[in-house]
There are 2 protein chains.
Amino acid sequence: MSRPGPLSGFPELLPEQRLVEQHVVDRLRRTFELHGFAGVETRAVEPLDQLLRKGETSNEVYVLRRLQAAEGESDAGMGLHFDLTVPFARYVVEHAGKLEFPFRRYQIQKAWRGERPQEGRYREFTQADIDVVNKDELPFHFDVEIARVMAEGIASLGDLLPPMRLRVNNRRLIEGFYRGIGAPDPARVITIIDKLDKLPAQTVAAMLVDEGGLTDEQAGQCLRLAEIDGGDASGGSAFAERVHALGVSDPLLEQGIEELSSVVEGCASVNGERFAVVASLGLARGLDYYTGTVFEIYMEGFENLKSVGGGGRYDSLASDGKSSYPGVGISFGVSRTLLPLIGRGLISGSRSVPSAVLVALADEASRPSCDEIAQRLRRNGVPAEVAATPQRFGKQIRYAERRGIPFVWFPGDDADQVDQVKDIRSGDQVDADASTWMPPEDDLWPRVIT
Amino acid sequence: MSRPGPLSGFPELLPEQRLVEQHVVDRLRRTFELHGFAGVETRAVEPLDQLLRKGETSNEVYVLRRLQAAEGESDAGMGLHFDLTVPFARYVVEHAGKLEFPFRRYQIQKAWRGERPQEGRYREFTQADIDVVNKDELPFHFDVEIARVMAEGIASLGDLLPPMRLRVNNRRLIEGFYRGIGAPDPARVITIIDKLDKLPAQTVAAMLVDEGGLTDEQAGQCLRLAEIDGGDASGGSAFAERVHALGVSDPLLEQGIEELSSVVEGCASVNGERFAVVASLGLARGLDYYTGTVFEIYMEGFENLKSVGGGGRYDSLASDGKSSYPGVGISFGVSRTLLPLIGRGLISGSRSVPSAVLVALADEASRPSCDEIAQRLRRNGVPAEVAATPQRFGKQIRYAERRGIPFVWFPGDDADQVDQVKDIRSGDQVDADASTWMPPEDDLWPRVIT
């Protein structure tokens, strides 16, 4: 084969980069499981009618066709899923009789979109989703729980990522506010306000007047609401006072304020220097299936990516005609968050192989005894490999160095002489017994370094 | 939406079933990493020319098309990969300049084939592959290593699976033998012998004469070779004597015998009651890219599935014109092995949620203190959830029961009264402190039960 090249939008990672992704996925999974979320995977494909039913991305679906399909046999009627929410909603309805509700699940899988690739936008990407779904009605406290679990998941990644924010808003709050100021079509206002992250405020104000049917004053009120952000010094649920200061009153607005306060306050204990959950009243979230709480995740210094995750409460995404299955969830864009960091070299694995130890090989005849040494190390949970060929020891050390393997093991050459292990970074070499020796904890497995 | 149905060939698992798959994948991964294999994922798609280059399955490829592709814009020229070997060979050549050789990698991913679904044959399935690839030349001892690592991986699954066998043969051995008896076209004989698992021996013998150009006597010799199986009482490398007893001699045959003996003996320490690596001289393995060692994995009692995995040595699968990248690998069919067991109810998770503890909720006002109890449990690594609604405690216990959660936690109702935890299986209820209490190790996380 001639040397193959990359496919635009289908990123691939080298081993030391994949390690970062695996580490992040493992950490998230642990947090989700500690909170009782069950892991689920859905098939990669959905019938086209499912994929086209909702959502903003219908035109970016990849459709499947069997290469050797008979003449006249059309597309298989299936496409690759473009997110994990639509398949999950289908999964819940399909398997409802066999699931226990409320149903908490996490799902970490790839999704595909045929859109134009750019940094942070890929045609194949990994997402980590959590959702809680119930039958008929889902108590509001699950909105708080979902926010807290994802907040803890992201916070558990600590220093690996730039400072992160989980921005929260509430559709009821903004819809109530728009109703309270007398907007003729509050839903239309939401759609226009959603453009604030792409267009200047003045342009959005003009649209609110021209297309939203608002007066200049009403448009101004909408923009002032959108400016309220708990990321400011005020923080916490101080946003409520600022909303009230705008002098608008409406029962739906009050319910929204109360819900949003509950979410923000419920997450307060997770907030720290590098992570915060903040009320962010300019957040509208394009998808039309959200009915209450909405979320977006932002990464500081990477504002060009817009959000790297998001979600919200959806009361009617899934229904089988008889029952409805309201839910609330958040999706964390694993590829979207990590690939820009990896691509810029800001984050990587500490070595390209799992091995903490390379067992040096004096000659091919010693291979069985070297294998036995490696086995003893592995039995204690120490990842190890035996040198591929009996090169000079200097070469074998360089072999380890190139892979980032911190220790080289030198077997004693007969019954008299004991084994020795060398830390090739410091050069320290000491006697050691493969049945009991352990590297420092930090060296046992590859780490993620920034 | 009306209730959606399953898609034939695209199996989905319930949470307690997915747990089995996740457990198996975790175990395999740990074994692979302890042996220094780096985890890699390749994109799900390959250019069609890559997919059609080699392999037996070209007619079962799913091709992608963007739903909103412009008129005249044809297929994206890409298809979903049908195994992990072809993409890995491409990955090695594409990234060769950034990889360290010999390169050990494991890859656990889904693959897709548009073939007719049946038990053990799916259109979407998960495989766990290990391979070692080197530049220009790959020493034979890696064949032994690959066999041993996969053997240990499968053996680590212990009682979860039916007794498993890793059957091994060697292309050089059989080709040398066919040459030694004077077969005019040894490669043709291999292709015919490969049908032994589908056709009666007599039919194959007739084909050897009619299509392979052998005499009846030569055909008989071929069948006698194919009958030699270390799974018989003889075991180990006793097969070599039985081959020699057939009285055929050829240098390639001798090299093959030696290689096969090395693999079988190199794995002897892993053999046990429920797992064995056996020389199996009837194994031919259809794919034409294997050049030496060949493997297949069999599951006792599920002979209808044929092999649930396989692999071998490939000396010329990957090349960029200048360098070639010989490799050896084995693929374990995760779906192929597990789904028949899961489908028949032979294996399942011990509960449908990760939670070991359900914290009972007296009333909504107590939710914050119940959340705090759950957090304390989680900080000690105990998965926990809080009851969804303050039902009667009897109902909350049944809520736990239905999910298989073994413990229900009753918060003390004021400062005087301490918390208690109830094992709902035995009914035992004792005082407990959420900051220190731990369940028995077996109850901490869901287990796989058979």
# chains A, B, ... in the order shown; residues from 1 in each chain; ligands from 1
$ residues_around --residues "stretch 11-18 of chain A" --least-positions-apart "5" --cutoff "7 Å" --atoms "only C-alpha atoms" --output "PyMOL selection string"
(chain A and resi 342+348-349+351-352) or (chain B and resi 38-40+42-43)
$ write_last_selection --atoms "N, CA and C atoms" --output "PDB file, in the first residue's frame"
ATOM      1  N   ILE A 342      -4.769  18.098  23.230  1.00  0.00           N
ATOM      2  CA  ILE A 342      -3.769  17.133  22.768  1.00  0.00           C
ATOM      3  C   ILE A 342      -3.074  17.673  21.524  1.00  0.00           C
ATOM      4  N   SER A 348      -0.533  15.103  27.594  1.00  0.00           N
ATOM      5  CA  SER A 348      -0.069  13.859  26.970  1.00  0.00           C
ATOM      6  C   SER A 348       0.133  12.798  28.042  1.00  0.00           C
ATOM      7  N   GLY A 349       0.307  11.566  27.606  1.00  0.00           N
ATOM      8  CA  GLY A 349       0.647  10.503  28.538  1.00  0.00           C
ATOM      9  C   GLY A 349       2.121  10.583  28.897  1.00  0.00           C
ATOM     10  N   ARG A 351       4.156   8.140  29.141  1.00  0.00           N
ATOM     11  CA  ARG A 351       4.935   7.231  28.310  1.00  0.00           C
ATOM     12  C   ARG A 351       4.029   6.621  27.259  1.00  0.00           C
ATOM     13  N   SER A 352       4.617   5.992  26.251  1.00  0.00           N
ATOM     14  CA  SER A 352       3.820   5.498  25.134  1.00  0.00           C
ATOM     15  C   SER A 352       3.409   4.041  25.309  1.00  0.00           C
TER      16      SER A 352
ATOM     17  N   ALA B  38      -0.080  -1.282  24.457  1.00  0.00           N
ATOM     18  CA  ALA B  38      -0.678   0.055  24.521  1.00  0.00           C
ATOM     19  C   ALA B  38      -2.054   0.032  23.873  1.00  0.00           C
ATOM     20  N   GLY B  39      -2.992   0.732  24.469  1.00  0.00           N
ATOM     21  CA  GLY B  39      -4.346   0.800  23.909  1.00  0.00           C
ATOM     22  C   GLY B  39      -4.417   1.796  22.767  1.00  0.00           C
ATOM     23  N   VAL B  40      -5.039   1.388  21.698  1.00  0.00           N
ATOM     24  CA  VAL B  40      -5.201   2.268  20.547  1.00  0.00           C
ATOM     25  C   VAL B  40      -6.618   2.108  20.021  1.00  0.00           C
ATOM     26  N   THR B  42      -8.775   3.026  16.361  1.00  0.00           N
ATOM     27  CA  THR B  42      -8.738   3.613  15.032  1.00  0.00           C
ATOM     28  C   THR B  42     -10.125   4.148  14.727  1.00  0.00           C
ATOM     29  N   ARG B  43     -10.186   5.080  13.777  1.00  0.00           N
ATOM     30  CA  ARG B  43     -11.486   5.603  13.360  1.00  0.00           C
ATOM     31  C   ARG B  43     -12.358   4.448  12.864  1.00  0.00           C
TER      32      ARG B  43
END
$ interface_residues --of "chain B" --to "chain A" --cutoff "6 Å" --atoms "only C-alpha atoms" --output "ChimeraX atom specification"
/B:1-4,15,33-36,38,40,59,61-68,94,319-320,353-355,378,383-385
$ select_by_dssp --residues "stretch 165-326 of chain B" --states "alpha helix (DSSP H)" --output "VMD selection string"
chain B and resid 171 to 180 186 to 193 201 to 210 216 to 227 239 to 244 251 to 266
$ select_by_dssp --residues "stretch 111-197 of chain A" --states "strand (DSSP E)" --output "PyMOL selection string"
chain A and resi 111-112+124-133+164-170
$ atom_distance --atom1 "atom CA of B:Val334" --atom2 "atom CA of B:Glu227"
28.6 Å
$ residues_around --residues "A:Gly311" --least-positions-apart "4" --cutoff "6 Å" --atoms "only C-alpha atoms" --output "list in words"
Val294, Phe295, Gly329, Ile330 and Ser331 of chain A
$ closest_residue --among "A:Ala365, A:Val25, A:Val144, A:Met164" --to "A:Met299" --atoms "only C-alpha atoms"
A:Met164
$ residues_around --residues "A:Leu196" --least-positions-apart "3" --cutoff "12 Å" --atoms "only C-alpha atoms" --output "PDB file with C-alpha atoms, in the first residue's frame"
ATOM      1  CA  VAL A 189     -37.287  35.439  21.496  1.00  0.00           C
ATOM      2  CA  ILE A 190     -35.449  32.382  22.831  1.00  0.00           C
ATOM      3  CA  THR A 191     -34.341  31.456  19.309  1.00  0.00           C
ATOM      4  CA  ILE A 192     -33.016  34.959  18.712  1.00  0.00           C
ATOM      5  CA  ILE A 193     -31.299  35.264  22.106  1.00  0.00           C
ATOM      6  CA  LEU A 199     -23.638  37.897  16.846  1.00  0.00           C
ATOM      7  CA  PRO A 200     -22.992  41.281  18.503  1.00  0.00           C
ATOM      8  CA  ALA A 201     -25.601  42.385  21.074  1.00  0.00           C
ATOM      9  CA  GLN A 202     -26.717  45.272  18.850  1.00  0.00           C
ATOM     10  CA  THR A 203     -27.514  42.953  15.982  1.00  0.00           C
ATOM     11  CA  VAL A 204     -29.458  40.663  18.281  1.00  0.00           C
ATOM     12  CA  ALA A 205     -31.356  43.673  19.671  1.00  0.00           C
ATOM     13  CA  ALA A 206     -32.345  44.683  16.143  1.00  0.00           C
ATOM     14  CA  MET A 207     -33.519  41.153  15.418  1.00  0.00           C
ATOM     15  CA  LEU A 208     -35.585  41.134  18.607  1.00  0.00           C
ATOM     16  CA  CYS A 222     -33.975  40.904  27.208  1.00  0.00           C
ATOM     17  CA  LEU A 223     -30.335  41.822  26.731  1.00  0.00           C
ATOM     18  CA  ALA A 226     -28.917  37.806  29.178  1.00  0.00           C
ATOM     19  CA  GLU A 227     -26.003  39.714  30.701  1.00  0.00           C
ATOM     20  CA  LEU A 281     -28.967  33.832  31.945  1.00  0.00           C
ATOM     21  CA  GLY A 282     -27.826  34.438  28.388  1.00  0.00           C
ATOM     22  CA  LEU A 283     -27.780  30.714  27.719  1.00  0.00           C
ATOM     23  CA  ALA A 284     -30.696  29.618  25.544  1.00  0.00           C
ATOM     24  CA  ARG A 285     -29.531  26.339  23.920  1.00  0.00           C
ATOM     25  CA  GLY A 286     -30.773  25.823  20.415  1.00  0.00           C
ATOM     26  CA  LYS A 306     -18.038  27.499  22.094  1.00  0.00           C
TER      27      LYS A 306
END
$ residues_around --residues "B:Phe332" --least-positions-apart "5" --cutoff "12 Å" --atoms "only C-alpha atoms" --output "number ranges by chain"
B: 24-25, 28-29, 83-85, 106-110, 125-131, 147, 149-151, 153-154, 164-166, 295-299, 307-311, 337-338
$ residues_around --residues "B:Val263" --least-positions-apart "4" --cutoff "10 Å" --atoms "only C-alpha atoms" --output "compact mmCIF listing (two decimals) with N, CA and C atoms, in the first residue's frame"
# COMPACT_ATOMS: atom_id res chain seq x y z
N PHE B 140 10.40 -14.59 15.81
CA PHE B 140 9.35 -15.59 16.04
C PHE B 140 8.84 -15.59 17.49
N HIS B 141 9.68 -15.22 18.46
CA HIS B 141 9.22 -15.33 19.85
C HIS B 141 7.97 -14.50 20.13
N PHE B 142 7.67 -13.55 19.25
CA PHE B 142 6.44 -12.78 19.44
C PHE B 142 5.19 -13.62 19.17
N ASP B 143 5.33 -14.64 18.33
CA ASP B 143 4.19 -15.55 18.12
C ASP B 143 3.84 -16.22 19.45
N VAL B 144 4.88 -16.62 20.18
CA VAL B 144 4.66 -17.27 21.47
C VAL B 144 4.06 -16.26 22.45
N GLU B 145 4.59 -15.05 22.45
CA GLU B 145 4.10 -14.03 23.38
C GLU B 145 2.62 -13.72 23.13
N ILE B 146 2.27 -13.51 21.87
CA ILE B 146 0.88 -13.18 21.54
C ILE B 146 -0.07 -14.28 22.04
N ALA B 147 0.32 -15.53 21.80
CA ALA B 147 -0.52 -16.64 22.24
C ALA B 147 -0.66 -16.64 23.76
N ARG B 148 0.45 -16.39 24.44
CA ARG B 148 0.43 -16.45 25.90
C ARG B 148 -0.40 -15.30 26.48
N VAL B 168 -4.08 -23.91 17.85
CA VAL B 168 -2.96 -23.33 17.12
C VAL B 168 -2.51 -24.28 16.02
N ASN B 169 -2.17 -23.74 14.90
CA ASN B 169 -1.53 -24.51 13.85
C ASN B 169 -0.48 -23.64 13.19
N ASN B 170 0.15 -24.16 12.16
CA ASN B 170 1.21 -23.42 11.50
C ASN B 170 1.14 -23.69 10.00
N GLY B 236 0.08 -31.23 24.76
CA GLY B 236 1.38 -30.57 24.64
C GLY B 236 1.93 -30.63 23.23
N SER B 237 3.22 -30.94 23.11
CA SER B 237 3.78 -31.01 21.77
C SER B 237 3.97 -32.47 21.33
N GLU B 258 8.61 -27.15 14.61
CA GLU B 258 9.37 -26.50 15.68
C GLU B 258 8.65 -25.25 16.19
N GLU B 259 8.14 -24.45 15.26
CA GLU B 259 7.43 -23.23 15.66
C GLU B 259 6.18 -23.56 16.46
N CYS B 267 2.92 -21.78 26.15
CA CYS B 267 1.66 -21.47 26.82
C CYS B 267 1.29 -22.50 27.87
N ALA B 268 2.13 -23.51 28.03
CA ALA B 268 1.75 -24.65 28.88
C ALA B 268 1.37 -24.21 30.29
N VAL B 277 -4.31 -24.35 25.55
CA VAL B 277 -3.76 -24.02 24.23
C VAL B 277 -3.33 -25.34 23.61
N VAL B 278 -3.90 -25.69 22.46
CA VAL B 278 -3.64 -27.01 21.89
C VAL B 278 -3.23 -26.91 20.42
N ALA B 279 -2.28 -27.75 20.05
CA ALA B 279 -1.93 -27.89 18.64
C ALA B 279 -3.09 -28.56 17.92
N THR B 293 2.19 -19.09 12.01
CA THR B 293 1.26 -19.47 13.06
C THR B 293 -0.17 -19.02 12.73
$ atom_distance --atom1 "atom CA of B:Pro340" --atom2 "atom CA of B:Asp288"
28.6 Å
$ atom_distance --atom1 "atom CA of B:Ser280" --atom2 "atom CA of B:Arg167"
5.6 Å
$ residues_around --residues "B:Leu305" --least-positions-apart "6" --cutoff "8 Å" --atoms "only C-alpha atoms" --output "list of chain:residue names"
B:Glu119, B:Gly120, B:Arg336
$ closest_residue --among "B:Gly247, B:Pro326, B:Pro390, B:Pro406" --to "B:Cys370" --atoms "only C-alpha atoms"
B:Pro390
$ decode --residues "stretch 200-241 of chain A" --atoms "N, CA and C atoms" --output "compact mmCIF listing (two decimals), in the first residue's frame"
# COMPACT_ATOMS: atom_id res chain seq x y z
N PRO A 200 -23.10 40.20 17.52
CA PRO A 200 -22.99 41.28 18.50
C PRO A 200 -24.37 41.59 19.12
N ALA A 201 -24.36 42.11 20.35
CA ALA A 201 -25.60 42.39 21.07
C ALA A 201 -26.51 43.32 20.28
N GLN A 202 -25.90 44.31 19.62
CA GLN A 202 -26.72 45.27 18.85
C GLN A 202 -27.51 44.59 17.75
N THR A 203 -26.84 43.67 17.06
CA THR A 203 -27.51 42.95 15.98
C THR A 203 -28.67 42.14 16.54
N VAL A 204 -28.41 41.47 17.67
CA VAL A 204 -29.46 40.66 18.28
C VAL A 204 -30.62 41.57 18.71
N ALA A 205 -30.31 42.73 19.26
CA ALA A 205 -31.36 43.67 19.67
C ALA A 205 -32.24 44.05 18.48
N ALA A 206 -31.58 44.33 17.35
CA ALA A 206 -32.35 44.68 16.14
C ALA A 206 -33.24 43.54 15.70
N MET A 207 -32.72 42.32 15.79
CA MET A 207 -33.52 41.15 15.42
C MET A 207 -34.71 40.99 16.35
N LEU A 208 -34.49 41.27 17.64
CA LEU A 208 -35.58 41.13 18.61
C LEU A 208 -36.74 42.07 18.23
N VAL A 209 -36.36 43.24 17.72
CA VAL A 209 -37.38 44.20 17.31
C VAL A 209 -38.03 43.78 15.99
N ASP A 210 -37.15 43.51 15.00
CA ASP A 210 -37.65 43.22 13.65
C ASP A 210 -38.38 41.89 13.57
N GLU A 211 -37.77 40.86 14.15
CA GLU A 211 -38.33 39.52 13.98
C GLU A 211 -39.11 39.05 15.21
N GLY A 212 -38.74 39.59 16.38
CA GLY A 212 -39.38 39.13 17.61
C GLY A 212 -40.59 39.98 17.99
N GLY A 213 -40.79 41.09 17.26
CA GLY A 213 -41.95 41.93 17.54
C GLY A 213 -41.86 42.69 18.85
N LEU A 214 -40.63 42.94 19.36
CA LEU A 214 -40.49 43.66 20.62
C LEU A 214 -40.27 45.15 20.37
N THR A 215 -40.55 45.95 21.40
CA THR A 215 -40.16 47.36 21.35
C THR A 215 -38.68 47.45 21.70
N ASP A 216 -38.07 48.61 21.43
CA ASP A 216 -36.67 48.79 21.79
C ASP A 216 -36.47 48.55 23.28
N GLU A 217 -37.41 49.01 24.07
CA GLU A 217 -37.25 48.88 25.51
C GLU A 217 -37.31 47.40 25.94
N GLN A 218 -38.27 46.68 25.34
CA GLN A 218 -38.37 45.24 25.65
C GLN A 218 -37.09 44.51 25.24
N ALA A 219 -36.58 44.86 24.07
CA ALA A 219 -35.35 44.23 23.61
C ALA A 219 -34.21 44.50 24.58
N GLY A 220 -34.16 45.75 25.06
CA GLY A 220 -33.13 46.10 26.04
C GLY A 220 -33.24 45.27 27.30
N GLN A 221 -34.48 45.05 27.75
CA GLN A 221 -34.70 44.22 28.94
C GLN A 221 -34.15 42.81 28.71
N CYS A 222 -34.43 42.26 27.53
CA CYS A 222 -33.98 40.90 27.21
C CYS A 222 -32.46 40.82 27.27
N LEU A 223 -31.80 41.84 26.73
CA LEU A 223 -30.34 41.82 26.73
C LEU A 223 -29.79 41.97 28.15
N ARG A 224 -30.45 42.80 28.95
CA ARG A 224 -29.99 42.95 30.33
C ARG A 224 -30.13 41.63 31.09
N LEU A 225 -31.21 40.91 30.80
CA LEU A 225 -31.36 39.59 31.45
C LEU A 225 -30.22 38.67 31.02
N ALA A 226 -29.93 38.71 29.71
CA ALA A 226 -28.92 37.81 29.18
C ALA A 226 -27.52 38.10 29.72
N GLU A 227 -27.33 39.35 30.17
CA GLU A 227 -26.00 39.71 30.70
C GLU A 227 -25.75 39.17 32.10
N ILE A 228 -26.81 38.75 32.75
CA ILE A 228 -26.64 38.28 34.14
C ILE A 228 -25.93 36.94 34.13
N ASP A 229 -24.80 36.91 34.78
CA ASP A 229 -23.97 35.72 34.75
C ASP A 229 -23.31 35.53 36.10
N GLY A 230 -23.56 34.40 36.71
CA GLY A 230 -23.00 34.12 38.03
C GLY A 230 -21.49 34.01 38.00
N GLY A 231 -20.93 33.98 36.79
CA GLY A 231 -19.48 33.99 36.69
C GLY A 231 -18.90 35.32 37.15
N ASP A 232 -19.76 36.35 37.22
CA ASP A 232 -19.33 37.62 37.77
C ASP A 232 -19.07 37.47 39.26
N ALA A 233 -18.57 38.53 39.84
CA ALA A 233 -18.21 38.50 41.25
C ALA A 233 -19.36 38.02 42.12
N SER A 234 -20.59 38.37 41.74
CA SER A 234 -21.74 38.04 42.59
C SER A 234 -21.83 36.56 42.92
N GLY A 235 -21.79 35.71 41.89
CA GLY A 235 -21.75 34.25 42.08
C GLY A 235 -23.01 33.68 42.70
N GLY A 236 -22.98 32.36 42.92
CA GLY A 236 -24.06 31.64 43.58
C GLY A 236 -25.42 31.96 43.02
N SER A 237 -26.39 32.16 43.88
CA SER A 237 -27.72 32.47 43.38
C SER A 237 -28.03 33.96 43.56
N ALA A 238 -26.97 34.77 43.67
CA ALA A 238 -27.14 36.22 43.71
C ALA A 238 -27.81 36.71 42.43
N PHE A 239 -27.78 35.85 41.39
CA PHE A 239 -28.41 36.24 40.13
C PHE A 239 -29.89 36.59 40.33
N ALA A 240 -30.53 35.94 41.30
CA ALA A 240 -31.97 36.12 41.50
C ALA A 240 -32.29 37.58 41.80
N GLU A 241 -31.48 38.18 42.67
CA GLU A 241 -31.69 39.60 43.00
C GLU A 241 -31.56 40.48 41.77
